[in-house]
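Chemist: Provided below: my_file-v4.txt, containing compact mmCIF, C-alpha atoms.
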# COMPACT_ATOMS: atom_id res chain seq x y z
CA MET T 17 14.72 -1.94 -21.74
CA ALA T 18 12.60 -1.96 -18.57
CA LYS T 19 11.32 1.56 -19.36
CA GLN T 20 10.21 0.45 -22.82
CA LYS T 21 8.33 -2.53 -21.34
CA ARG T 22 6.73 -0.21 -18.79
CA ASP T 23 5.67 2.22 -21.51
CA VAL T 24 4.22 -0.58 -23.66
CA GLU T 25 2.25 -2.02 -20.72
CA PHE T 26 0.91 1.41 -19.79
CA THR T 27 -0.03 2.23 -23.38
CA GLU T 28 -1.83 -1.09 -23.84
CA TYR T 29 -3.74 -0.68 -20.60
CA LEU T 30 -4.78 2.89 -21.33
CA ALA T 31 -5.77 2.08 -24.92
CA SER T 32 -8.04 -0.72 -23.70
CA ARG T 33 -9.61 1.11 -20.74
CA SER T 34 -9.70 4.79 -21.72
CA GLY T 35 -13.26 4.54 -23.08
CA TRP T 36 -14.49 3.06 -19.82
CA LEU T 37 -12.60 5.67 -17.78
CA ARG T 38 -14.12 8.41 -19.93
CA LYS T 39 -17.65 7.11 -19.29
CA VAL T 40 -17.06 6.99 -15.53
CA ALA T 41 -15.56 10.50 -15.65
CA TYR T 42 -18.57 11.77 -17.61
CA LEU T 43 -20.97 10.34 -15.05
CA LEU T 44 -18.99 12.06 -12.31
CA CYS T 45 -18.81 15.51 -13.90
CA GLY T 46 -21.57 15.59 -16.55
CA ASP T 47 -19.45 17.20 -19.29
CA TRP T 48 -17.60 15.27 -22.00
CA HIS T 49 -14.84 17.87 -22.31
CA ARG T 50 -14.22 17.93 -18.59
CA ALA T 51 -14.38 14.11 -18.57
CA ASP T 52 -11.57 14.09 -21.13
CA ASP T 53 -9.54 16.39 -18.88
CA LEU T 54 -10.17 14.14 -15.88
CA VAL T 55 -9.09 11.05 -17.83
CA GLN T 56 -5.97 12.86 -19.01
CA GLU T 57 -5.10 13.85 -15.45
CA CYS T 58 -5.80 10.31 -14.28
CA ALA T 59 -3.60 8.88 -17.07
CA THR T 60 -0.78 11.19 -16.05
CA LYS T 61 -1.02 10.10 -12.43
CA LEU T 62 -1.20 6.45 -13.46
CA TYR T 63 1.89 6.79 -15.65
CA VAL T 64 3.90 8.47 -12.91
CA ASN T 65 2.93 5.69 -10.49
CA TRP T 66 2.82 2.83 -12.99
CA SER T 67 5.30 0.71 -11.04
CA ARG T 68 2.93 0.84 -8.02
CA ALA T 69 -0.14 0.33 -10.20
CA GLY T 70 1.41 -2.75 -11.79
CA ARG T 71 1.68 -4.42 -8.38
CA VAL T 72 -1.97 -4.03 -7.38
CA GLU T 73 -4.39 -6.92 -7.67
CA ASN T 74 -7.17 -4.93 -9.37
CA LEU T 75 -5.71 -2.42 -11.84
CA ASP T 76 -9.15 -1.18 -12.93
CA GLY T 77 -10.06 -0.48 -9.31
CA TYR T 78 -6.80 1.40 -8.83
CA ALA T 79 -7.42 3.49 -11.96
CA ARG T 80 -11.02 4.16 -10.91
CA ARG T 81 -9.85 5.30 -7.47
CA VAL T 82 -7.31 7.66 -9.05
CA LEU T 83 -10.09 9.06 -11.28
CA VAL T 84 -12.54 9.56 -8.41
CA ASN T 85 -9.88 11.15 -6.20
CA THR T 86 -8.89 13.47 -9.06
CA PHE T 87 -12.53 14.48 -9.55
CA LEU T 88 -13.11 15.10 -5.84
CA ALA T 89 -9.86 17.05 -5.47
CA GLU T 90 -10.84 19.22 -8.42
CA GLN T 91 -14.21 19.93 -6.82
CA ARG T 92 -12.47 21.22 -3.69
CA SER T 93 -10.19 23.48 -5.71
CA PRO T 94 -11.04 27.20 -5.60
CA TRP T 95 -10.06 27.44 -9.28
CA TRP T 96 -12.89 25.10 -10.25
CA ARG T 97 -15.45 27.07 -8.27
CA ARG T 98 -14.44 30.29 -10.01
CA THR T 99 -14.48 28.86 -13.53
CA ALA T 100 -17.48 26.49 -13.37
CA ARG T 101 -20.23 27.21 -15.86
CA THR T 102 -23.59 28.00 -14.35
CA ALA T 103 -25.62 26.35 -17.10
CA PRO T 104 -23.93 23.19 -18.40
CA THR T 105 -24.51 22.38 -22.03
CA GLU T 106 -26.15 19.12 -22.94
CA ASP T 107 -23.87 16.58 -24.56
CA VAL T 108 -25.50 13.61 -26.23
CA ALA T 109 -23.10 10.74 -26.91
CA SER T 110 -25.49 8.44 -28.75
CA VAL T 111 -29.11 7.99 -29.68
CA VAL T 112 -31.08 5.88 -27.23
CA ALA T 113 -34.68 4.69 -27.16
CA ASP T 114 -35.81 7.04 -24.39
CA LEU T 115 -33.59 10.10 -24.70
CA ASP T 116 -35.77 12.31 -22.48
CA VAL T 117 -35.45 9.94 -19.52
CA GLN T 118 -31.70 9.68 -20.01
CA LEU T 119 -31.30 13.46 -20.18
CA ASP T 120 -33.47 13.92 -17.09
CA LEU T 121 -31.32 11.40 -15.22
CA ARG T 122 -28.11 13.11 -16.33
CA LYS T 123 -29.41 16.51 -15.18
CA ALA T 124 -30.48 15.08 -11.84
CA LEU T 125 -27.14 13.31 -11.42
CA ALA T 126 -25.26 16.51 -12.28
CA ALA T 127 -27.23 18.40 -9.61
CA LEU T 128 -25.98 16.10 -6.84
CA PRO T 129 -23.05 17.20 -4.68
CA PRO T 130 -19.74 15.65 -5.85
CA ARG T 131 -19.38 12.98 -3.14
CA GLN T 132 -23.01 11.85 -3.52
CA ARG T 133 -22.57 11.71 -7.29
CA ALA T 134 -19.39 9.68 -6.87
CA THR T 135 -21.11 7.15 -4.60
CA VAL T 136 -24.01 6.70 -7.02
CA VAL T 137 -21.68 6.27 -10.00
CA LEU T 138 -19.43 3.81 -8.17
CA ARG T 139 -22.29 1.82 -6.65
CA TYR T 140 -24.69 1.65 -9.58
CA TYR T 141 -22.67 2.26 -12.74
CA CYS T 142 -19.41 0.57 -11.70
CA ASP T 143 -21.41 -2.01 -9.70
CA LEU T 144 -19.18 -1.83 -6.63
CA THR T 145 -20.17 -3.04 -3.18
CA VAL T 146 -20.43 -0.64 -0.25
CA ASP T 147 -17.01 -1.72 1.01
CA GLN T 148 -15.39 -1.40 -2.43
CA THR T 149 -16.90 2.05 -2.83
CA ALA T 150 -15.66 3.06 0.62
CA GLU T 151 -12.17 1.90 -0.33
CA ALA T 152 -12.30 3.75 -3.66
CA MET T 153 -13.42 6.96 -1.95
CA ASN T 154 -11.15 6.51 1.08
CA CYS T 155 -14.01 6.78 3.58
CA SER T 156 -16.07 4.54 5.86
CA SER T 157 -18.81 2.16 4.74
CA GLY T 158 -21.28 4.14 6.82
CA ASN T 159 -20.34 7.30 4.94
CA VAL T 160 -20.97 5.52 1.62
CA LYS T 161 -24.35 4.29 2.86
CA SER T 162 -25.46 7.72 4.04
CA GLN T 163 -24.19 9.50 0.91
CA THR T 164 -25.94 6.92 -1.28
CA SER T 165 -29.16 7.18 0.70
CA ARG T 166 -29.20 10.99 0.45
CA ALA T 167 -28.33 10.88 -3.25
CA LEU T 168 -31.08 8.38 -4.07
CA ALA T 169 -33.63 10.38 -2.08
CA THR T 170 -32.65 13.53 -3.99
CA LEU T 171 -32.79 11.70 -7.33
CA ARG T 172 -36.22 10.24 -6.54
CA THR T 173 -37.55 13.68 -5.59
CA THR T 174 -35.99 15.40 -8.59
CA LEU T 175 -37.12 12.79 -11.10
CA ALA T 176 -40.62 12.51 -9.63
CA VAL T 177 -41.18 16.26 -10.04
CA ARG T 178 -40.21 16.41 -13.72
CA PRO T 179 -42.83 14.07 -15.21
CA ALA T 180 -45.61 15.77 -13.22
CA THR T 181 -44.44 19.18 -14.47
CA ALA T 182 -44.29 17.93 -18.06
CA GLU T 183 -47.84 16.52 -17.88
CA ARG T 184 -49.25 19.85 -16.65
CA THR T 185 -47.66 21.79 -19.50
CA SER T 186 -48.90 19.37 -22.18
Please go through the file and, once you have read it, give me the structure as structure tokens.

Modeler:
Amino acid sequence: MAKQKRDVEFTEYLASRSGWLRKVAYLLCGDWHRADDLVQECATKLYVNWSRAGRVENLDGYARRVLVNTFLAEQRSPWWRRTARTAPTEDVASVVADLDVQLDLRKALAALPPRQRATVVLRYYCDLTVDQTAEAMNCSSGNVKSQTSRALATLRTTLAVRPATAERTS
């Protein structure tokens, strides 16, 4: 009976939060198919540790941490480095008012190193504080600050170059 209750709770949680997890995963990796794989891996880890997850105060934070750790662990894996595509395909989830800006931002975000990308996603998409981000990434607050600073500097440089290049070719 307890196993059935556990399964129902897990299924309800995952059904309600899988879309959000998928968006966070996409922002981390920049590929919808890989995001689905990351969410699946995260769901598996959550299910295996559901009794522990059920005791935490912030279940979304726990799930997000599992997702980020899964992403970062995958980036360190030699298998990923051997099978990564060199030119990622563009996936467009929905039509937005300024699609060019969104695509430029996605390309620039995808070009960041994994830990910098994770800090930007956690800080600005998930709206976490420096301390919450440090906890989610299992690192110091100073590390989060420096990674965020470097990432934002790279994004500013990358995004500033693109409009100037586009104006010259027009």

Chemist: Quick one: residues within 9 Å of stretch 30-36 of chain T, all atoms listed in the file, excluding same-chain residues fewer than 5 positions away - as a list in words?

Modeler: Glu25, Ala41, Val55, Ala59 and Asp76 of chain T

Chemist: Using Å and a single decimal, report how far atom CA of T:Ala134 sits from atom CA of T:Thr149.

Modeler: 9.0 Å

Chemist: What's the 9 Å shell around T:Asn85, counting all atoms listed in the file, without same-chain residues fewer than 4 positions away, as a CSV table (one decimal) with C-alpha atoms, in the coordinates of the input?

Modeler:
chain,number,residue,atom,x,y,z
T,80,ARG,CA,-11.0,4.2,-10.9
T,81,ARG,CA,-9.8,5.3,-7.5
T,89,ALA,CA,-9.9,17.0,-5.5
T,90,GLU,CA,-10.8,19.2,-8.4
T,152,ALA,CA,-12.3,3.8,-3.7
T,153,MET,CA,-13.4,7.0,-2.0
T,154,ASN,CA,-11.2,6.5,1.1

Chemist: Let me make sure I understand: among T:Gln148, T:Gln56, T:Pro94, T:Val24, which one has the smallest atom-to-atom distance to T:Asn74 if we use all atoms listed in the file?

Modeler: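 Of the candidates, the smallest distance to T:Asn74 is held by T:Gln148.
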
Chemist: Could you check how far atom CA of T:Glu151 sits from atom CA of T:Leu83, in Å to one decimal?

Modeler: 13.2 Å

Chemist: Which is closer to T:Tyr140 than all the others in T:Ala18, T:Ala167, T:Cys58, T:Leu88, using all atoms listed in the file?

Modeler: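 Checking each of T:Ala18, T:Ala167, T:Cys58, T:Leu88 against T:Tyr140, counting all atoms listed in the file, the winner is T:Ala167.
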